[in-house]
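Raw final-v6.pdb, PDB, C-alpha atoms:
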ATOM      1  CA  MET A   1      30.109 -11.116  -8.664
ATOM      2  CA  LYS A   2      31.635  -7.659  -8.120
ATOM      3  CA  THR A   3      31.344  -5.511  -5.021
ATOM      4  CA  ASN A   4      29.280  -2.359  -5.321
ATOM      5  CA  LEU A   5      30.528   1.052  -4.204
ATOM      6  CA  GLU A   6      27.110   1.874  -2.706
ATOM      7  CA  TRP A   7      27.377  -1.215  -0.492
ATOM      8  CA  LEU A   8      30.615   0.154   0.939
ATOM      9  CA  ARG A   9      29.165   3.622   1.447
ATOM     10  CA  THR A  10      26.222   2.098   3.276
ATOM     11  CA  PHE A  11      28.542  -0.058   5.378
ATOM     12  CA  LYS A  12      30.565   3.040   6.324
ATOM     13  CA  ALA A  13      27.407   4.918   7.356
ATOM     14  CA  ILE A  14      26.148   2.026   9.516
ATOM     15  CA  TYR A  15      29.579   1.629  11.105
ATOM     16  CA  GLU A  16      29.838   5.325  11.968
ATOM     17  CA  LEU A  17      26.219   5.964  13.005
ATOM     18  CA  GLY A  18      25.408   2.680  14.708
ATOM     19  CA  THR A  19      21.919   1.989  13.323
ATOM     20  CA  MET A  20      20.405   1.232   9.923
ATOM     21  CA  SER A  21      17.711   3.871  10.438
ATOM     22  CA  ASP A  22      20.329   6.605  11.036
ATOM     23  CA  ALA A  23      22.313   5.362   8.044
ATOM     24  CA  ALA A  24      19.165   5.570   5.895
ATOM     25  CA  LYS A  25      18.622   9.199   6.940
ATOM     26  CA  GLU A  26      22.249  10.067   6.252
ATOM     27  CA  LEU A  27      22.190   8.497   2.787
ATOM     28  CA  ASN A  28      18.635   9.608   1.941
ATOM     29  CA  ILE A  29      17.549   6.072   1.076
ATOM     30  CA  SER A  30      14.964   3.770   2.632
ATOM     31  CA  GLN A  31      15.769   1.503   5.567
ATOM     32  CA  PRO A  32      14.988  -1.594   3.452
ATOM     33  CA  GLY A  33      17.533  -0.266   0.930
ATOM     34  CA  VAL A  34      20.178  -0.019   3.662
ATOM     35  CA  SER A  35      19.415  -3.565   4.771
ATOM     36  CA  LEU A  36      19.667  -4.814   1.169
ATOM     37  CA  HIS A  37      23.076  -3.144   0.690
ATOM     38  CA  LEU A  38      24.451  -4.622   3.917
ATOM     39  CA  ASN A  39      23.105  -8.113   3.178
ATOM     40  CA  SER A  40      24.634  -7.969  -0.311
ATOM     41  CA  LEU A  41      28.013  -6.891   1.057
ATOM     42  CA  GLU A  42      28.003  -9.617   3.730
ATOM     43  CA  ALA A  43      27.124 -12.210   1.055
ATOM     44  CA  TYR A  44      30.023 -10.903  -1.072
ATOM     45  CA  VAL A  45      32.643 -11.038   1.696
ATOM     46  CA  GLY A  46      31.261 -14.351   2.969
ATOM     47  CA  HIS A  47      30.624 -13.544   6.626
ATOM     48  CA  PRO A  48      28.614 -11.230   8.899
ATOM     49  CA  LEU A  49      30.018  -7.787   9.686
ATOM     50  CA  PHE A  50      27.761  -6.718  12.565
ATOM     51  CA  GLU A  51      26.006  -8.185  15.550
ATOM     52  CA  ARG A  52      22.370  -7.079  15.329
ATOM     53  CA  GLY A  53      21.663  -5.632  18.781
ATOM     54  CA  THR A  54      18.279  -4.357  19.916
ATOM     55  CA  ARG A  55      19.427  -0.741  19.641
ATOM     56  CA  LYS A  56      22.800  -0.696  17.871
ATOM     57  CA  MET A  57      24.621  -2.486  15.091
ATOM     58  CA  ILE A  58      27.843  -3.703  16.739
ATOM     59  CA  PRO A  59      30.766  -4.162  14.301
ATOM     60  CA  ASN A  60      32.827  -7.336  14.660
ATOM     61  CA  GLU A  61      36.561  -7.630  14.057
ATOM     62  CA  ARG A  62      36.139  -8.232  10.329
ATOM     63  CA  ALA A  63      34.013  -5.072  10.085
ATOM     64  CA  LYS A  64      36.673  -3.036  11.911
ATOM     65  CA  LEU A  65      39.337  -4.292   9.519
ATOM     66  CA  LEU A  66      37.175  -3.540   6.452
ATOM     67  CA  TYR A  67      36.387  -0.044   7.762
ATOM     68  CA  ILE A  68      40.097   0.762   8.136
ATOM     69  CA  GLU A  69      40.767  -0.502   4.601
ATOM     70  CA  ILE A  70      38.033   1.531   2.873
ATOM     71  CA  LEU A  71      37.871   4.710   4.980
ATOM     72  CA  SER A  72      40.497   6.695   3.145
ATOM     73  CA  SER A  73      39.312   5.743  -0.349
ATOM     74  CA  ILE A  74      35.603   6.332   0.352
ATOM     75  CA  SER A  75      36.325   9.670   2.024
ATOM     76  CA  LYS A  76      38.340  10.838  -0.990
ATOM     77  CA  LEU A  77      35.604   9.801  -3.386
ATOM     78  CA  GLU A  78      33.042  11.701  -1.315
ATOM     79  CA  GLU A  79      35.260  14.804  -1.407
ATOM     80  CA  VAL A  80      35.450  14.574  -5.209
ATOM     81  CA  GLU A  81      31.686  14.105  -5.414
ATOM     82  CA  ASN A  82      31.048  17.150  -3.233
ATOM     83  CA  THR A  83      33.498  19.256  -5.212
ATOM     84  CA  PHE A  84      31.892  18.571  -8.579
ATOM     85  CA  ARG A  85      28.271  18.490  -7.501
ATOM     86  CA  ASN A  86      26.307  21.530  -8.607
ATOM     87  CA  LYS A  87      25.935  23.570  -5.424
ATOM     88  CA  SER A  88      22.444  24.684  -6.368
ATOM     89  CA  GLU A  89      21.272  21.126  -7.025
ATOM     90  CA  LYS A  90      18.883  19.846  -4.410
ATOM     91  CA  ARG A  91      19.510  16.221  -3.553
ATOM     92  CA  LYS A  92      16.368  14.178  -4.108
ATOM     93  CA  LEU A  93      14.851  12.608  -1.029
ATOM     94  CA  THR A  94      13.187   9.193  -1.086
ATOM     95  CA  VAL A  95       9.726   8.536   0.344
ATOM     96  CA  SER A  96       8.241   5.083   0.946
ATOM     97  CA  ILE A  97       4.467   4.722   0.976
ATOM     98  CA  GLY A  98       2.205   1.700   1.385
ATOM     99  CA  MET A  99      -1.329   1.354   0.030
ATOM    100  CA  TYR A 100      -3.715  -1.095  -1.599
ATOM    101  CA  PRO A 101      -2.892  -1.545  -5.342
ATOM    102  CA  GLY A 102      -6.322  -0.382  -6.511
ATOM    103  CA  LEU A 103      -6.042   2.849  -4.519
ATOM    104  CA  PHE A 104      -2.619   3.516  -6.003
ATOM    105  CA  ARG A 105      -4.051   3.313  -9.519
ATOM    106  CA  GLN A 106      -6.853   5.704  -8.643
ATOM    107  CA  LEU A 107      -5.121   8.243  -6.431
ATOM    108  CA  LEU A 108      -1.413   8.469  -7.142
ATOM    109  CA  GLU A 109      -0.305   6.736 -10.326
ATOM    110  CA  PRO A 110      -1.131   9.655 -12.694
ATOM    111  CA  HIS A 111       0.954  12.062 -10.589
ATOM    112  CA  ILE A 112       4.171  10.013 -10.319
ATOM    113  CA  PRO A 113       5.990  11.747 -13.238
ATOM    114  CA  ASN A 114       5.554  15.182 -11.592
ATOM    115  CA  LEU A 115       6.988  14.378  -8.151
ATOM    116  CA  ASP A 116      10.252  16.111  -7.234
ATOM    117  CA  PHE A 117      11.364  13.320  -4.887
ATOM    118  CA  ASN A 118      11.972   9.607  -5.276
ATOM    119  CA  LEU A 119       9.143   7.243  -4.367
ATOM    120  CA  ILE A 120       9.100   3.599  -3.300
ATOM    121  CA  LEU A 121       5.662   1.941  -3.417
ATOM    122  CA  HIS A 122       4.680  -0.990  -1.224
ATOM    123  CA  LEU A 123       1.441  -2.322  -2.696
ATOM    124  CA  GLU A 124       0.014  -4.493   0.060
ATOM    125  CA  ASN A 125      -3.251  -5.536   1.650
ATOM    126  CA  ASN A 126      -4.380  -3.743   4.801
ATOM    127  CA  ASP A 127      -3.196  -6.399   7.250
ATOM    128  CA  LYS A 128       0.420  -6.015   6.086
ATOM    129  CA  MET A 129       0.697  -2.223   6.088
ATOM    130  CA  ARG A 130       0.565  -1.257   9.759
ATOM    131  CA  PRO A 131       3.615  -3.431  10.635
ATOM    132  CA  LEU A 132       5.537  -1.808   7.761
ATOM    133  CA  LEU A 133       4.835   1.631   9.243
ATOM    134  CA  GLU A 134       5.638   0.648  12.816
ATOM    135  CA  ASN A 135       8.985  -0.965  11.939
ATOM    136  CA  GLY A 136      10.038   2.018   9.788
ATOM    137  CA  SER A 137       9.935   0.256   6.406
ATOM    138  CA  VAL A 138       7.556   2.918   5.040
ATOM    139  CA  ASP A 139       6.995   6.594   5.823
ATOM    140  CA  MET A 140       3.230   6.679   5.246
ATOM    141  CA  ILE A 141       0.375   4.247   4.617
ATOM    142  CA  ILE A 142      -3.252   4.438   3.512
ATOM    143  CA  THR A 143      -5.227   1.807   5.375
ATOM    144  CA  THR A 144      -8.491   0.884   7.063
ATOM    145  CA  ASP A 145      -6.529  -0.769   9.883
ATOM    146  CA  HIS A 146      -5.640   2.061  12.256
ATOM    147  CA  LEU A 147      -4.221   1.418  15.691
ATOM    148  CA  PRO A 148      -2.117   4.382  16.860
ATOM    149  CA  CYS A 149       0.943   3.569  18.939
ATOM    150  CA  LYS A 150       3.539   5.782  20.580
ATOM    151  CA  ASN A 151       5.430   6.359  17.309
ATOM    152  CA  THR A 152       2.551   6.619  14.806
ATOM    153  CA  ILE A 153      -0.442   8.871  14.154
ATOM    154  CA  TYR A 154      -3.510   8.433  11.945
ATOM    155  CA  GLU A 155      -5.874  10.913  10.310
ATOM    156  CA  VAL A 156      -9.043  10.263   8.321
ATOM    157  CA  LEU A 157      -8.780  10.342   4.526
ATOM    158  CA  GLY A 158     -12.434   9.532   3.811
ATOM    159  CA  LYS A 159     -15.019   6.805   3.443
ATOM    160  CA  SER A 160     -15.278   4.199   0.696
ATOM    161  CA  GLN A 161     -18.749   2.820  -0.082
ATOM    162  CA  PHE A 162     -19.332  -0.775  -1.249
ATOM    163  CA  ILE A 163     -22.272  -1.879  -3.384
ATOM    164  CA  LEU A 164     -23.563  -5.040  -5.015
ATOM    165  CA  VAL A 165     -23.181  -4.993  -8.799
ATOM    166  CA  ALA A 166     -24.206  -7.379 -11.566
ATOM    167  CA  GLY A 167     -22.605  -8.331 -14.852
ATOM    168  CA  LYS A 168     -23.661  -6.844 -18.123
ATOM    169  CA  ASN A 169     -25.532 -10.016 -19.145
ATOM    170  CA  THR A 170     -27.061 -10.789 -15.738
ATOM    171  CA  ASN A 171     -30.864 -10.926 -15.679
ATOM    172  CA  ILE A 172     -31.830  -8.888 -12.615
ATOM    173  CA  SER A 173     -35.524  -8.420 -13.403
ATOM    174  CA  ASP A 174     -36.600 -11.125 -10.909
ATOM    175  CA  PHE A 175     -34.526  -9.520  -8.167
ATOM    176  CA  GLN A 176     -36.167  -6.152  -8.743
ATOM    177  CA  THR A 177     -39.638  -7.659  -8.186
ATOM    178  CA  LEU A 178     -38.786  -9.429  -4.902
ATOM    179  CA  ASN A 179     -40.261  -8.409  -1.548
ATOM    180  CA  PHE A 180     -37.306  -6.757   0.177
ATOM    181  CA  GLU A 181     -38.966  -7.153   3.562
ATOM    182  CA  ASN A 182     -38.464 -10.897   3.132
ATOM    183  CA  LYS A 183     -34.752 -11.367   3.807
ATOM    184  CA  LYS A 184     -34.884 -15.121   3.174
ATOM    185  CA  GLN A 185     -36.264 -14.507  -0.302
ATOM    186  CA  ILE A 186     -33.529 -11.973  -1.054
ATOM    187  CA  SER A 187     -30.753 -14.213   0.274
ATOM    188  CA  ARG A 188     -32.018 -17.236  -1.716
ATOM    189  CA  TRP A 189     -31.933 -15.238  -4.971
ATOM    190  CA  LEU A 190     -28.435 -13.953  -4.225
ATOM    191  CA  GLN A 191     -27.135 -17.431  -3.401
ATOM    192  CA  SER A 192     -28.448 -18.718  -6.733
ATOM    193  CA  GLN A 193     -26.218 -16.317  -8.668
ATOM    194  CA  ILE A 194     -22.647 -16.615  -9.967
ATOM    195  CA  TRP A 195     -20.344 -14.848  -7.496
ATOM    196  CA  TYR A 196     -16.919 -13.249  -7.985
ATOM    197  CA  THR A 197     -14.440 -12.408  -5.202
ATOM    198  CA  THR A 198     -10.732 -11.892  -4.705
ATOM    199  CA  SER A 199      -8.614 -14.200  -2.530
ATOM    200  CA  ASP A 200      -9.339 -11.788   0.325
ATOM    201  CA  ARG A 201     -13.028 -12.536   0.876
ATOM    202  CA  GLU A 202     -13.399  -9.966   3.661
ATOM    203  CA  LYS A 203     -15.909  -7.748   1.803
ATOM    204  CA  PHE A 204     -17.943 -10.719   0.568
ATOM    205  CA  ILE A 205     -18.261 -12.068   4.144
ATOM    206  CA  LYS A 206     -18.889  -8.629   5.640
ATOM    207  CA  PHE A 207     -21.744  -8.010   3.171
ATOM    208  CA  TRP A 208     -23.548 -11.142   4.355
ATOM    209  CA  LYS A 209     -22.965 -10.417   8.031
ATOM    210  CA  LEU A 210     -24.272  -6.852   7.708
ATOM    211  CA  ASN A 211     -27.363  -7.750   5.731
ATOM    212  CA  PHE A 212     -28.296 -11.256   6.877
ATOM    213  CA  LYS A 213     -26.573 -11.471  10.283
ATOM    214  CA  ARG A 214     -24.634 -14.597   9.361
ATOM    215  CA  ASP A 215     -21.665 -15.876   7.408
ATOM    216  CA  PRO A 216     -22.368 -16.956   3.826
ATOM    217  CA  ASP A 217     -22.965 -20.722   3.683
ATOM    218  CA  PHE A 218     -21.802 -21.055   0.079
ATOM    219  CA  ALA A 219     -18.532 -20.535  -1.768
ATOM    220  CA  PRO A 220     -18.004 -17.953  -4.533
ATOM    221  CA  ASN A 221     -17.720 -19.378  -8.033
ATOM    222  CA  TYR A 222     -14.684 -17.415  -9.177
ATOM    223  CA  THR A 223     -11.709 -16.042  -7.249
ATOM    224  CA  VAL A 224      -9.679 -13.570  -9.314
ATOM    225  CA  PRO A 225      -6.566 -11.427  -8.628
ATOM    226  CA  ASP A 226      -8.157  -8.070  -7.766
ATOM    227  CA  LYS A 227     -11.285  -5.901  -7.897
ATOM    228  CA  PHE A 228     -10.425  -4.553 -11.352
ATOM    229  CA  SER A 229     -10.307  -8.125 -12.657
ATOM    230  CA  ILE A 230     -13.814  -8.659 -11.270
ATOM    231  CA  LEU A 231     -14.976  -5.486 -12.994
ATOM    232  CA  ARG A 232     -13.594  -6.638 -16.340
ATOM    233  CA  CYS A 233     -15.159 -10.105 -15.951
ATOM    234  CA  LEU A 234     -18.577  -8.658 -15.115
ATOM    235  CA  SER A 235     -18.429  -6.263 -18.035
ATOM    236  CA  ASN A 236     -18.141  -9.269 -20.352
ATOM    237  CA  GLY A 237     -20.667 -11.640 -18.836
ATOM    238  CA  ASP A 238     -22.873 -12.872 -16.034
ATOM    239  CA  GLY A 239     -22.443 -12.744 -12.241
ATOM    240  CA  ILE A 240     -22.487 -10.492  -9.183
ATOM    241  CA  ALA A 241     -19.932  -9.092  -6.730
ATOM    242  CA  VAL A 242     -19.445  -6.669  -3.862
ATOM    243  CA  LEU A 243     -17.207  -3.853  -5.120
ATOM    244  CA  PRO A 244     -16.226  -0.280  -4.169
ATOM    245  CA  ALA A 245     -18.649   2.203  -5.711
ATOM    246  CA  SER A 246     -15.653   4.313  -6.719
ATOM    247  CA  ILE A 247     -14.415   1.808  -9.316
ATOM    248  CA  CYS A 248     -17.914   0.908 -10.540
ATOM    249  CA  HIS A 249     -19.463   4.304 -11.224
ATOM    250  CA  ASP A 250     -18.126   4.815 -14.765
ATOM    251  CA  ALA A 251     -18.934   1.227 -15.804
ATOM    252  CA  ILE A 252     -22.486   1.557 -14.438
ATOM    253  CA  THR A 253     -22.925   4.869 -16.286
ATOM    254  CA  THR A 254     -21.822   3.311 -19.594
ATOM    255  CA  GLY A 255     -23.916   0.162 -19.061
ATOM    256  CA  ASP A 256     -20.931  -2.196 -18.871
ATOM    257  CA  ILE A 257     -22.210  -3.437 -15.497
ATOM    258  CA  LYS A 258     -25.430  -2.948 -13.511
ATOM    259  CA  PHE A 259     -26.024  -1.468 -10.079
ATOM    260  CA  LEU A 260     -27.933  -4.105  -8.150
ATOM    261  CA  TRP A 261     -28.278  -3.148  -4.484
ATOM    262  CA  LYS A 262     -26.547  -1.272  -1.695
ATOM    263  CA  GLY A 263     -27.926  -3.620   0.954
ATOM    264  CA  TYR A 264     -30.127  -3.146   3.990
ATOM    265  CA  VAL A 265     -27.176  -1.525   5.730
ATOM    266  CA  ASP A 266     -24.706   0.854   4.071
ATOM    267  CA  MET A 267     -21.346  -0.872   3.829
ATOM    268  CA  LYS A 268     -18.504   1.602   4.158
ATOM    269  CA  ASN A 269     -14.845   1.586   5.071
ATOM    270  CA  THR A 270     -13.048   4.518   6.635
ATOM    271  CA  LEU A 271      -9.583   5.031   5.189
ATOM    272  CA  TYR A 272      -6.754   6.656   7.125
ATOM    273  CA  PHE A 273      -3.374   8.189   6.471
ATOM    274  CA  GLY A 274      -0.867   6.685   8.878
ATOM    275  CA  GLN A 275       2.621   8.081   9.429
ATOM    276  CA  ARG A 276       5.381   8.203  12.000
ATOM    277  CA  LYS A 277       5.176  11.076  14.485
ATOM    278  CA  LYS A 278       8.679  12.408  13.948
ATOM    279  CA  SER A 279       9.369  12.267  10.247
ATOM    280  CA  LEU A 280      12.139  14.117   8.446
ATOM    281  CA  LEU A 281       9.943  13.983   5.335
ATOM    282  CA  HIS A 282       7.128  16.221   6.586
ATOM    283  CA  ASP A 283       7.015  18.431   3.465
ATOM    284  CA  GLU A 284       7.087  15.464   1.078
ATOM    285  CA  LEU A 285       4.331  13.615   2.951
ATOM    286  CA  LEU A 286       2.227  16.776   3.036
ATOM    287  CA  HIS A 287       2.650  17.132  -0.729
ATOM    288  CA  LEU A 288       1.466  13.542  -1.249
ATOM    289  CA  LYS A 289      -1.606  14.222   0.897
ATOM    290  CA  GLU A 290      -2.374  17.347  -1.118
ATOM    291  CA  ILE A 291      -2.390  15.161  -4.253
ATOM    292  CA  ILE A 292      -4.291  12.210  -2.782
ATOM    293  CA  ILE A 293      -7.123  13.987  -0.911
ATOM    294  CA  PRO A 294      -8.689  15.752  -3.962
ATOM    295  CA  GLU A 295      -8.282  12.579  -6.043
ATOM    296  CA  PHE A 296     -10.042  10.567  -3.334
ATOM    297  CA  GLU A 297     -12.914  13.046  -3.046
ATOM    298  CA  LYS A 298     -13.333  13.078  -6.824
ATOM    299  CA  SER A 299     -13.304   9.290  -7.184
ATOM    300  CA  HIS A 300     -15.390   8.426  -4.101
ATOM    301  CA  PRO A 301     -18.702  10.299  -4.386
ATOM    302  CA  GLU A 302     -21.532   8.890  -2.272
ATOM    303  CA  ILE A 303     -24.170   8.309  -4.942
ATOM    304  CA  TYR A 304     -25.881   5.037  -4.089
TER     305      TYR A 304
END
Write out the structure in this file as structure tokens.
Amino acid sequence: MKTNLEWLRTFKAIYELGTMSDAAKELNISQPGVSLHLNSLEAYVGHPLFERGTRKMIPNERAKLLYIEILSSISKLEEVENTFRNKSEKRKLTVSIGMYPGLFRQLLEPHIPNLDFNLILHLENNDKMRPLLENGSVDMIITTDHLPCKNTIYEVLGKSQFILVAGKNTNISDFQTLNFENKKQISRWLQSQIWYTTSDREKFIKFWKLNFKRDPDFAPNYTVPDKFSILRCLSNGDGIAVLPASICHDAITTGDIKFLWKGYVDMKNTLYFGQRKKSLLHDELLHLKEIIIPEFEKSHPEIY
């Protein structure tokens, strides 16, 4: 295993600035990247180099010795780098953003090649994103879980509608003739069907609570990786599922799946942009919003 020059540069920045967040800003990399470099260096040398204080990274004696050994060499390399760097070249910044994987595919993936800054994606479920923002691991999130704190702000992106859809081969004629004023009749028919969900059954449970005022008393038949997997399964067979209208519209239009019902109560989620209040990446985050907002409005029409 060989040491990495970037590990030493990161070590020097932490040593001189005192925190990993300040080192990240200085080096224009993410805070998780700084942590990875330091952990790799400590594993290479075989011992810790800092005491992790609540506010500062405190170098130990080994760190002080290493700093003295590398300072001259790293400084000279940085001088050479600065001398030969094209003065007109703008150093690329790095932005970290967290969002649900399905939203990334819809809203941002097509635009990645045209960004003029580096991007790190954290594709997580909602419950994991707010902590990432609050501890500085990401610069912006898209989430339904908004709880502003002293260092973060949230603004509305838009609403996502959920509907009940049926597979291409599902016989829904009996459902269409039911008396919708009889909730027990409706719920019995639904329970008799083949159900798909993801491992996060939040939407499945919420649908039952909204429409029948109780938790479902049966288990789904199939649990698959994500909503797009459900869509593909339904387009090839029988079954029903609660899915975002935004990913279903094209498949309903082409007849690959069937719109079944929007429920007695409209089921909608409000999505929010979340970001830290004092960000050095204001222009880059604004550019991402200018990409995402029109894509969201185009892909989330309220049509059911």
Report the residues retrieved by the PyMOL selection byres ((chain A and resi 107) around 8) from the displayed file, expressed as number ranges by chain. A: 103-106, 108-110, 291-292, 295-296
Check what the PyMOL selection byres ((chain A and resi 92) around 12) selects in the file above and give those residues as a VMD selection string. chain A and resid 27 to 29 89 to 91 93 to 95 115 to 119 281 284
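Matched in the shown structure by the PyMOL selection byres ((chain A and resi 196-198) around 6): Trp195, Ser199, Asp200, Pro220, Tyr222, Thr223, Val224, Pro225, Asp226 and Ala241 of chain A.
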Here atom CA of A:Ser279 and atom CA of A:Asp139 stand apart by 7.6 Å
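Atom CA of A:Val265 is positioned 18.9 Å from atom CA of A:Cys248.
Of the listed residues (A:Val45, A:Met57, A:Leu147, A:Leu164), A:Met57 comes nearest to A:Asp22; the distances count all atoms listed in the file.
Checking A:Leu271, A:Lys203, A:Met140, A:Asp238 one by one against A:Leu286, counting all atoms listed in the file, you find the shortest gap at A:Met140.
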One decimal, in Å: what's the spacing between atom CA of A:Lys278 and atom CA of A:Thr152? 8.5 Å
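Shortest atom-to-atom contact with A:His287 among A:His111, A:Lys209, A:Lys159, A:Arg214: A:His111, counting all atoms listed in the file.
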Within 12 Å of (33.0, -2.4, -5.6), in the coordinates the file gives, what residues turn up when you count all atoms listed in the file, written out as an mmCIF file with C-alpha atoms, in the frame of the given file?
data_model
loop_
_atom_site.group_PDB
_atom_site.id
_atom_site.type_symbol
_atom_site.label_atom_id
_atom_site.label_comp_id
_atom_site.auth_asym_id
_atom_site.auth_seq_id
_atom_site.Cartn_x
_atom_site.Cartn_y
_atom_site.Cartn_z
ATOM 1 C CA MET A 1 30.109 -11.116 -8.664
ATOM 2 C CA LYS A 2 31.635 -7.659 -8.120
ATOM 3 C CA THR A 3 31.344 -5.511 -5.021
ATOM 4 C CA ASN A 4 29.280 -2.359 -5.321
ATOM 5 C CA LEU A 5 30.528 1.052 -4.204
ATOM 6 C CA GLU A 6 27.110 1.874 -2.706
ATOM 7 C CA TRP A 7 27.377 -1.215 -0.492
ATOM 8 C CA LEU A 8 30.615 0.154 0.939
ATOM 9 C CA ARG A 9 29.165 3.622 1.447
ATOM 10 C CA HIS A 37 23.076 -3.144 0.690
ATOM 11 C CA SER A 40 24.634 -7.969 -0.311
ATOM 12 C CA LEU A 41 28.013 -6.891 1.057
ATOM 13 C CA TYR A 44 30.023 -10.903 -1.072
ATOM 14 C CA VAL A 45 32.643 -11.038 1.696
ATOM 15 C CA ILE A 70 38.033 1.531 2.873
ATOM 16 C CA SER A 73 39.312 5.743 -0.349
ATOM 17 C CA ILE A 74 35.603 6.332 0.352
#
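Considering all atoms listed in the file, the residue among A:Phe218, A:Trp189, A:Trp261, A:Tyr154 positioned nearest to A:Phe273 is A:Tyr154.
If you measure from each of A:Ser96, A:Ser246, A:Asn114, A:Gln193 to A:Ile142 using only C-alpha atoms, the closest one turns out to be A:Ser96.
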Using all atoms listed in the file, the best pick from A:Tyr264, A:Tyr15, A:Phe259, A:Phe212 as closest to A:Lys56 would be A:Tyr15
Who sits within 10 Å of stretch 64-66 of chain A, only C-alpha atoms, same chain under 2 positions skipped, as a PyMOL selection string: chain A and resi 8+11-12+15+45+49-50+59-62+68-71
Identify the residues around (-14.5, 10.5, 2.8) within a radius of 12 Å, measuring from all atoms listed in the file in the coordinates stated by the file, and give them as a PDB file with C-alpha atoms, in the frame of the given file.
ATOM      1  CA  GLU A 155      -5.874  10.913  10.310  1.00  0.00           C
ATOM      2  CA  VAL A 156      -9.043  10.263   8.321  1.00  0.00           C
ATOM      3  CA  LEU A 157      -8.780  10.342   4.526  1.00  0.00           C
ATOM      4  CA  GLY A 158     -12.434   9.532   3.811  1.00  0.00           C
ATOM      5  CA  LYS A 159     -15.019   6.805   3.443  1.00  0.00           C
ATOM      6  CA  SER A 160     -15.278   4.199   0.696  1.00  0.00           C
ATOM      7  CA  GLN A 161     -18.749   2.820  -0.082  1.00  0.00           C
ATOM      8  CA  SER A 246     -15.653   4.313  -6.719  1.00  0.00           C
ATOM      9  CA  LYS A 268     -18.504   1.602   4.158  1.00  0.00           C
ATOM     10  CA  ASN A 269     -14.845   1.586   5.071  1.00  0.00           C
ATOM     11  CA  THR A 270     -13.048   4.518   6.635  1.00  0.00           C
ATOM     12  CA  LEU A 271      -9.583   5.031   5.189  1.00  0.00           C
ATOM     13  CA  TYR A 272      -6.754   6.656   7.125  1.00  0.00           C
ATOM     14  CA  PHE A 273      -3.374   8.189   6.471  1.00  0.00           C
ATOM     15  CA  ILE A 292      -4.291  12.210  -2.782  1.00  0.00           C
ATOM     16  CA  ILE A 293      -7.123  13.987  -0.911  1.00  0.00           C
ATOM     17  CA  PRO A 294      -8.689  15.752  -3.962  1.00  0.00           C
ATOM     18  CA  GLU A 295      -8.282  12.579  -6.043  1.00  0.00           C
ATOM     19  CA  PHE A 296     -10.042  10.567  -3.334  1.00  0.00           C
ATOM     20  CA  GLU A 297     -12.914  13.046  -3.046  1.00  0.00           C
ATOM     21  CA  LYS A 298     -13.333  13.078  -6.824  1.00  0.00           C
ATOM     22  CA  SER A 299     -13.304   9.290  -7.184  1.00  0.00           C
ATOM     23  CA  HIS A 300     -15.390   8.426  -4.101  1.00  0.00           C
ATOM     24  CA  PRO A 301     -18.702  10.299  -4.386  1.00  0.00           C
ATOM     25  CA  GLU A 302     -21.532   8.890  -2.272  1.00  0.00           C
TER      26      GLU A 302
END
